[in-house]
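Trainee: Sharing a structure with you now.
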Amino acid sequence: MIAKLSEEESFALLSSRRLARLACIADGEPYVVPVNYVCDDISIIVHSLPGTKIDAMRSNPRVCVQIDEIKDQFNWASVLAFGNYKEMISGAARERAMALLLAGFPDLTPVESVIARDAGAPAPVIFRVLIDRVTGIREG
Amino acid sequence: MLEVTEMSRGETVALLLRRVFGHLGCTRDGHPYVVPMNYAFDGECLFFYTTEGTKTEFIAANREVCFQVEEIADPLHWRSVIITGHAERLTSTEDVERAMQHITARNPTLAPAINRTKIGAWTRLNHVALFRVRPEGFYGRKTA
């Protein structure tokens, strides 16, 4: 039996997880990637190197974020959060976001990754997805 | 610093063959949508099935989809693959049977154990929509 989660339950699950799939639109086509995130009351916060997803969201800020908690095939929950991309360029909000990220992922330096073939390390982008709608379902 | 490299075509195919669970991305009217999804990959095409609903409405509006599959141990050890292509809804009894048999073979707990002559009737009865994606693009990244 599949049941809907309330908005509160959906947010609670979103806050409890660290790995999401982020879907955006790149050159008119869907694009899905896993991202590590931290959550505050109104958004999820992610850092990334510049690349396909950043270009895509700068061009079309609409984003869908999905997280799940799967125990087995009949015991799972999935939450979708819809919102808009907002880049955090500078200032106190960016510093707070960076502190949250470092607290959530102590093993990661702010510059999380580089594609090995690229020369040099470009500056990381910190962005949030300001959530305007959240839905969830579960089974079991 | 974490080093991430591109996966070869062979590595992306191998990962798709190993796994049976991923995430389907689609878009409609400028809005992206992503949902968890079981699948079966036969080395050439990826098959998935769902019931009528939001997903089938999105795909009916725009057949271009993205399917993402991952193996994540922790934030420092992972690989992730994306394929892109058109989702083609299977309607002929022959296509439906072949796809269901493939899905059942890859993941026996997923679909009910039904014999081949019943598959077509079962999928109609349960409003199941079966899709096939012939990948146009393979992309994969992994931690070193």
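Here, A, B, ... name the chains of the structure tokens in the order displayed, residue numbers run from 1 inside each chain, and ligands are numbered from 1 in the same displayed order.
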With a cut-off of 9 Å and counting only C-alpha atoms, select all residues of chain B in contact with chain A and give the selection as a PDB file with C-alpha atoms, in the first residue's frame.

Mentor:
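Saved result, iface.pdb, follows:
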```
ATOM      1  CA  MET B   1      41.408  16.740  -3.163  1.00  0.00           C
ATOM      2  CA  LEU B   2      39.023  14.164  -4.556  1.00  0.00           C
ATOM      3  CA  GLU B   3      39.901  13.155  -8.064  1.00  0.00           C
ATOM      4  CA  VAL B   4      37.097  12.317 -10.474  1.00  0.00           C
ATOM      5  CA  THR B   5      37.666  10.719 -13.877  1.00  0.00           C
ATOM      6  CA  GLU B   6      35.546   9.888 -16.886  1.00  0.00           C
ATOM      7  CA  HIS B  23      16.585   7.338 -11.459  1.00  0.00           C
ATOM      8  CA  LEU B  24      14.567   8.513 -14.436  1.00  0.00           C
ATOM      9  CA  GLY B  25      14.614  12.198 -15.366  1.00  0.00           C
ATOM     10  CA  CYS B  26      12.143  13.805 -17.732  1.00  0.00           C
ATOM     11  CA  THR B  27      10.936  17.305 -18.514  1.00  0.00           C
ATOM     12  CA  GLY B  30      10.538  23.687 -18.744  1.00  0.00           C
ATOM     13  CA  HIS B  31      10.069  21.679 -15.547  1.00  0.00           C
ATOM     14  CA  PRO B  32      12.362  18.771 -14.682  1.00  0.00           C
ATOM     15  CA  TYR B  33      11.101  15.680 -12.854  1.00  0.00           C
ATOM     16  CA  VAL B  34      13.096  12.809 -11.377  1.00  0.00           C
ATOM     17  CA  VAL B  35      11.852   9.573  -9.833  1.00  0.00           C
ATOM     18  CA  PRO B  36      13.401   6.320  -8.608  1.00  0.00           C
ATOM     19  CA  GLU B  64      13.532  12.686 -24.277  1.00  0.00           C
ATOM     20  CA  VAL B  65      14.679  11.155 -20.991  1.00  0.00           C
ATOM     21  CA  CYS B  66      17.779  10.805 -18.872  1.00  0.00           C
ATOM     22  CA  PHE B  67      18.436   7.677 -16.821  1.00  0.00           C
ATOM     23  CA  GLN B  68      20.985   7.835 -14.007  1.00  0.00           C
ATOM     24  CA  GLU B  70      25.023   4.901  -9.449  1.00  0.00           C
ATOM     25  CA  PRO B  75      31.068  10.639  -0.615  1.00  0.00           C
ATOM     26  CA  LEU B  76      34.647   9.765  -1.525  1.00  0.00           C
ATOM     27  CA  SER B  80      27.623   7.365 -11.600  1.00  0.00           C
ATOM     28  CA  VAL B  81      26.372   6.776 -15.130  1.00  0.00           C
ATOM     29  CA  ILE B  82      23.883   8.695 -17.240  1.00  0.00           C
ATOM     30  CA  THR B  84      20.115   9.798 -22.599  1.00  0.00           C
ATOM     31  CA  THR B 109      11.365 -10.177  -7.261  1.00  0.00           C
ATOM     32  CA  LEU B 110      10.216  -7.201  -9.277  1.00  0.00           C
ATOM     33  CA  ARG B 141      32.224   9.513 -13.844  1.00  0.00           C
ATOM     34  CA  THR B 143      36.282   8.646  -8.128  1.00  0.00           C
ATOM     35  CA  ALA B 144      39.852   7.633  -8.731  1.00  0.00           C
TER      36      ALA B 144
END
```

Trainee: Please give the complete set of residues from chain A that DSSP, run on the backbone, assigns to alpha helix (DSSP H), formatted as an MDAnalysis selection string.

Mentor: chainID A and resid 7:16 52:59 92:104

Trainee: Next, dump the selected residues to file, keeping only N, CA and C atoms, as an mmCIF file, in the first residue's frame.

Mentor:
```
data_model
loop_
_atom_site.group_PDB
_atom_site.id
_atom_site.type_symbol
_atom_site.label_atom_id
_atom_site.label_comp_id
_atom_site.auth_asym_id
_atom_site.auth_seq_id
_atom_site.Cartn_x
_atom_site.Cartn_y
_atom_site.Cartn_z
ATOM 1 N N GLU A 7 3.569 17.270 4.124
ATOM 2 C CA GLU A 7 4.661 18.189 3.820
ATOM 3 C C GLU A 7 5.712 18.148 4.934
ATOM 4 N N GLU A 8 5.233 18.064 6.177
ATOM 5 C CA GLU A 8 6.135 18.011 7.327
ATOM 6 C C GLU A 8 7.001 16.743 7.297
ATOM 7 N N GLU A 9 6.366 15.616 7.031
ATOM 8 C CA GLU A 9 7.107 14.348 6.953
ATOM 9 C C GLU A 9 8.117 14.379 5.808
ATOM 10 N N SER A 10 7.702 14.976 4.705
ATOM 11 C CA SER A 10 8.596 15.048 3.550
ATOM 12 C C SER A 10 9.827 15.891 3.874
ATOM 13 N N PHE A 11 9.612 17.040 4.509
ATOM 14 C CA PHE A 11 10.739 17.896 4.893
ATOM 15 C C PHE A 11 11.654 17.197 5.895
ATOM 16 N N ALA A 12 11.019 16.436 6.819
ATOM 17 C CA ALA A 12 11.819 15.734 7.828
ATOM 18 C C ALA A 12 12.745 14.723 7.155
ATOM 19 N N LEU A 13 12.226 14.009 6.161
ATOM 20 C CA LEU A 13 13.056 13.031 5.470
ATOM 21 C C LEU A 13 14.162 13.729 4.667
ATOM 22 N N LEU A 14 13.768 14.817 4.014
ATOM 23 C CA LEU A 14 14.743 15.598 3.251
ATOM 24 C C LEU A 14 15.881 16.077 4.159
ATOM 25 N N SER A 15 15.530 16.497 5.376
ATOM 26 C CA SER A 15 16.545 17.008 6.309
ATOM 27 C C SER A 15 17.445 15.911 6.842
ATOM 28 N N SER A 16 16.948 14.682 6.823
ATOM 29 C CA SER A 16 17.697 13.591 7.455
ATOM 30 C C SER A 16 18.699 12.938 6.502
ATOM 31 N N THR A 52 28.335 21.074 -16.466
ATOM 32 C CA THR A 52 27.051 20.958 -17.158
ATOM 33 C C THR A 52 25.874 21.398 -16.290
ATOM 34 N N LYS A 53 25.831 20.929 -15.043
ATOM 35 C CA LYS A 53 24.626 21.235 -14.266
ATOM 36 C C LYS A 53 24.566 22.712 -13.874
ATOM 37 N N ILE A 54 25.738 23.298 -13.589
ATOM 38 C CA ILE A 54 25.740 24.729 -13.239
ATOM 39 C C ILE A 54 25.322 25.568 -14.451
ATOM 40 N N ASP A 55 25.888 25.255 -15.605
ATOM 41 C CA ASP A 55 25.485 25.969 -16.828
ATOM 42 C C ASP A 55 23.982 25.829 -17.061
ATOM 43 N N ALA A 56 23.498 24.596 -16.862
ATOM 44 C CA ALA A 56 22.075 24.329 -17.120
ATOM 45 C C ALA A 56 21.190 25.142 -16.191
ATOM 46 N N MET A 57 21.537 25.184 -14.902
ATOM 47 C CA MET A 57 20.668 25.867 -13.939
ATOM 48 C C MET A 57 20.792 27.386 -14.032
ATOM 49 N N ARG A 58 21.956 27.869 -14.486
ATOM 50 C CA ARG A 58 22.064 29.314 -14.732
ATOM 51 C C ARG A 58 21.141 29.717 -15.878
ATOM 52 N N SER A 59 20.956 28.798 -16.806
ATOM 53 C CA SER A 59 20.120 29.092 -17.964
ATOM 54 C C SER A 59 18.631 28.870 -17.669
ATOM 55 N N ALA A 92 27.737 36.863 3.858
ATOM 56 C CA ALA A 92 27.553 36.062 5.067
ATOM 57 C C ALA A 92 26.762 34.785 4.779
ATOM 58 N N ALA A 93 25.776 34.871 3.889
ATOM 59 C CA ALA A 93 24.952 33.692 3.594
ATOM 60 C C ALA A 93 25.806 32.592 2.980
ATOM 61 N N ARG A 94 26.746 32.997 2.113
ATOM 62 C CA ARG A 94 27.626 32.006 1.495
ATOM 63 C C ARG A 94 28.544 31.383 2.546
ATOM 64 N N GLU A 95 29.012 32.199 3.454
ATOM 65 C CA GLU A 95 29.884 31.665 4.511
ATOM 66 C C GLU A 95 29.128 30.692 5.406
ATOM 67 N N ARG A 96 27.882 31.024 5.727
ATOM 68 C CA ARG A 96 27.064 30.104 6.535
ATOM 69 C C ARG A 96 26.838 28.793 5.786
ATOM 70 N N ALA A 97 26.561 28.919 4.492
ATOM 71 C CA ALA A 97 26.327 27.727 3.682
ATOM 72 C C ALA A 97 27.572 26.851 3.634
ATOM 73 N N MET A 98 28.709 27.493 3.467
ATOM 74 C CA MET A 98 29.970 26.745 3.434
ATOM 75 C C MET A 98 30.221 26.041 4.769
ATOM 76 N N ALA A 99 29.905 26.722 5.861
ATOM 77 C CA ALA A 99 30.087 26.111 7.180
ATOM 78 C C ALA A 99 29.172 24.896 7.344
ATOM 79 N N LEU A 100 27.937 25.019 6.878
ATOM 80 C CA LEU A 100 27.001 23.885 6.941
ATOM 81 C C LEU A 100 27.524 22.710 6.120
ATOM 82 N N LEU A 101 28.041 23.012 4.934
ATOM 83 C CA LEU A 101 28.560 21.948 4.056
ATOM 84 C C LEU A 101 29.754 21.251 4.698
ATOM 85 N N LEU A 102 30.649 22.040 5.270
ATOM 86 C CA LEU A 102 31.833 21.441 5.882
ATOM 87 C C LEU A 102 31.461 20.624 7.114
ATOM 88 N N ALA A 103 30.421 21.079 7.832
ATOM 89 C CA ALA A 103 29.958 20.305 8.981
ATOM 90 C C ALA A 103 29.320 18.993 8.531
ATOM 91 N N GLY A 104 28.591 19.061 7.401
ATOM 92 C CA GLY A 104 27.919 17.867 6.891
ATOM 93 C C GLY A 104 28.873 16.894 6.241
#
```

Trainee: Take atom CA of Gly22 of chain B and atom CA of Lys142 of chain B and report the distance between them in Å, one decimal.

Mentor: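 The value is 16.2 Å.
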
Trainee: Tell me, in Å to one decimal, how far atom CA of Met88 of chain A is from atom CA of Phe127 of chain A.

Mentor: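 Distance between the two atoms: 5.2 Å.
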
Trainee: Among segment 2-143 of chain B, which residues does DSSP mark as strand (DSSP E or B) when it is run on the backbone? Keep the chain and numbering as in the structure and answer as number ranges by chain.

Mentor: B: 2-6, 21-28, 31-38, 40-41, 46-51, 64-74, 77-90, 128-133, 137-143

Trainee: Put those residues in a file: C-alpha atoms, as an mmCIF file, in the first residue's frame.

Mentor:
```
data_model
loop_
_atom_site.group_PDB
_atom_site.id
_atom_site.type_symbol
_atom_site.label_atom_id
_atom_site.label_comp_id
_atom_site.auth_asym_id
_atom_site.auth_seq_id
_atom_site.Cartn_x
_atom_site.Cartn_y
_atom_site.Cartn_z
ATOM 1 C CA LEU B 2 39.023 14.164 -4.556
ATOM 2 C CA GLU B 3 39.901 13.155 -8.064
ATOM 3 C CA VAL B 4 37.097 12.317 -10.474
ATOM 4 C CA THR B 5 37.666 10.719 -13.877
ATOM 5 C CA GLU B 6 35.546 9.888 -16.886
ATOM 6 C CA PHE B 21 17.725 0.392 -9.875
ATOM 7 C CA GLY B 22 18.227 3.970 -10.983
ATOM 8 C CA HIS B 23 16.585 7.338 -11.459
ATOM 9 C CA LEU B 24 14.567 8.513 -14.436
ATOM 10 C CA GLY B 25 14.614 12.198 -15.366
ATOM 11 C CA CYS B 26 12.143 13.805 -17.732
ATOM 12 C CA THR B 27 10.936 17.305 -18.514
ATOM 13 C CA ARG B 28 7.747 19.051 -19.494
ATOM 14 C CA HIS B 31 10.069 21.679 -15.547
ATOM 15 C CA PRO B 32 12.362 18.771 -14.682
ATOM 16 C CA TYR B 33 11.101 15.680 -12.854
ATOM 17 C CA VAL B 34 13.096 12.809 -11.377
ATOM 18 C CA VAL B 35 11.852 9.573 -9.833
ATOM 19 C CA PRO B 36 13.401 6.320 -8.608
ATOM 20 C CA MET B 37 12.911 3.473 -11.041
ATOM 21 C CA ASN B 38 13.715 -0.199 -11.438
ATOM 22 C CA ALA B 40 16.678 -3.869 -16.872
ATOM 23 C CA PHE B 41 19.502 -3.284 -19.335
ATOM 24 C CA LEU B 46 17.178 -0.123 -21.168
ATOM 25 C CA PHE B 47 13.667 -1.211 -20.192
ATOM 26 C CA PHE B 48 11.497 0.068 -17.395
ATOM 27 C CA TYR B 49 7.869 -0.117 -16.475
ATOM 28 C CA THR B 50 5.540 2.008 -14.482
ATOM 29 C CA THR B 51 1.830 2.524 -14.013
ATOM 30 C CA GLU B 64 13.532 12.686 -24.277
ATOM 31 C CA VAL B 65 14.679 11.155 -20.991
ATOM 32 C CA CYS B 66 17.779 10.805 -18.872
ATOM 33 C CA PHE B 67 18.436 7.677 -16.821
ATOM 34 C CA GLN B 68 20.985 7.835 -14.007
ATOM 35 C CA VAL B 69 22.458 4.810 -12.220
ATOM 36 C CA GLU B 70 25.023 4.901 -9.449
ATOM 37 C CA GLU B 71 27.185 2.872 -7.127
ATOM 38 C CA ILE B 72 27.955 4.965 -4.066
ATOM 39 C CA ALA B 73 29.932 3.636 -1.115
ATOM 40 C CA ASP B 74 30.453 7.047 0.499
ATOM 41 C CA HIS B 77 34.026 6.483 -3.349
ATOM 42 C CA TRP B 78 31.394 6.406 -6.062
ATOM 43 C CA ARG B 79 30.624 6.035 -9.728
ATOM 44 C CA SER B 80 27.623 7.365 -11.600
ATOM 45 C CA VAL B 81 26.372 6.776 -15.130
ATOM 46 C CA ILE B 82 23.883 8.695 -17.240
ATOM 47 C CA ILE B 83 22.291 7.579 -20.459
ATOM 48 C CA THR B 84 20.115 9.798 -22.599
ATOM 49 C CA GLY B 85 17.647 8.869 -25.292
ATOM 50 C CA HIS B 86 14.023 8.656 -26.332
ATOM 51 C CA ALA B 87 11.639 6.576 -24.258
ATOM 52 C CA GLU B 88 9.584 4.454 -26.582
ATOM 53 C CA ARG B 89 6.367 3.043 -25.157
ATOM 54 C CA LEU B 90 5.963 -0.620 -26.034
ATOM 55 C CA VAL B 128 1.303 -0.949 -16.814
ATOM 56 C CA ALA B 129 3.270 1.154 -19.258
ATOM 57 C CA LEU B 130 6.474 -0.401 -20.555
ATOM 58 C CA PHE B 131 9.216 1.706 -22.059
ATOM 59 C CA ARG B 132 12.382 1.041 -23.986
ATOM 60 C CA VAL B 133 15.254 3.496 -24.260
ATOM 61 C CA GLY B 137 24.615 9.043 -25.094
ATOM 62 C CA PHE B 138 26.583 7.249 -22.383
ATOM 63 C CA TYR B 139 28.335 9.305 -19.716
ATOM 64 C CA GLY B 140 30.039 8.102 -16.567
ATOM 65 C CA ARG B 141 32.224 9.513 -13.844
ATOM 66 C CA LYS B 142 33.976 7.833 -10.965
ATOM 67 C CA THR B 143 36.282 8.646 -8.128
#
```

Trainee: Separation of atom CA of Asp40 of chain A and atom CA of Gly140 of chain A, in Å?

Mentor: 27.6 Å

Trainee: Would you please work out which residue, of B:Pro135, B:Gly120, B:Gly53, B:Pro108, is nearest to Arg9 of chain B when using only C-alpha atoms?

Mentor: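 Result for the nearest residue to Arg9 of chain B: B:Pro135.
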
Trainee: I'd like the neighbourhood of Ser6 of chain A as a PyMOL selection string, where a residue qualifies if any of its atoms comes within 10 Å (using only C-alpha atoms), though same-chain residues fewer than 6 positions away should be ignored.

Mentor: chain A and resi 12+134-137
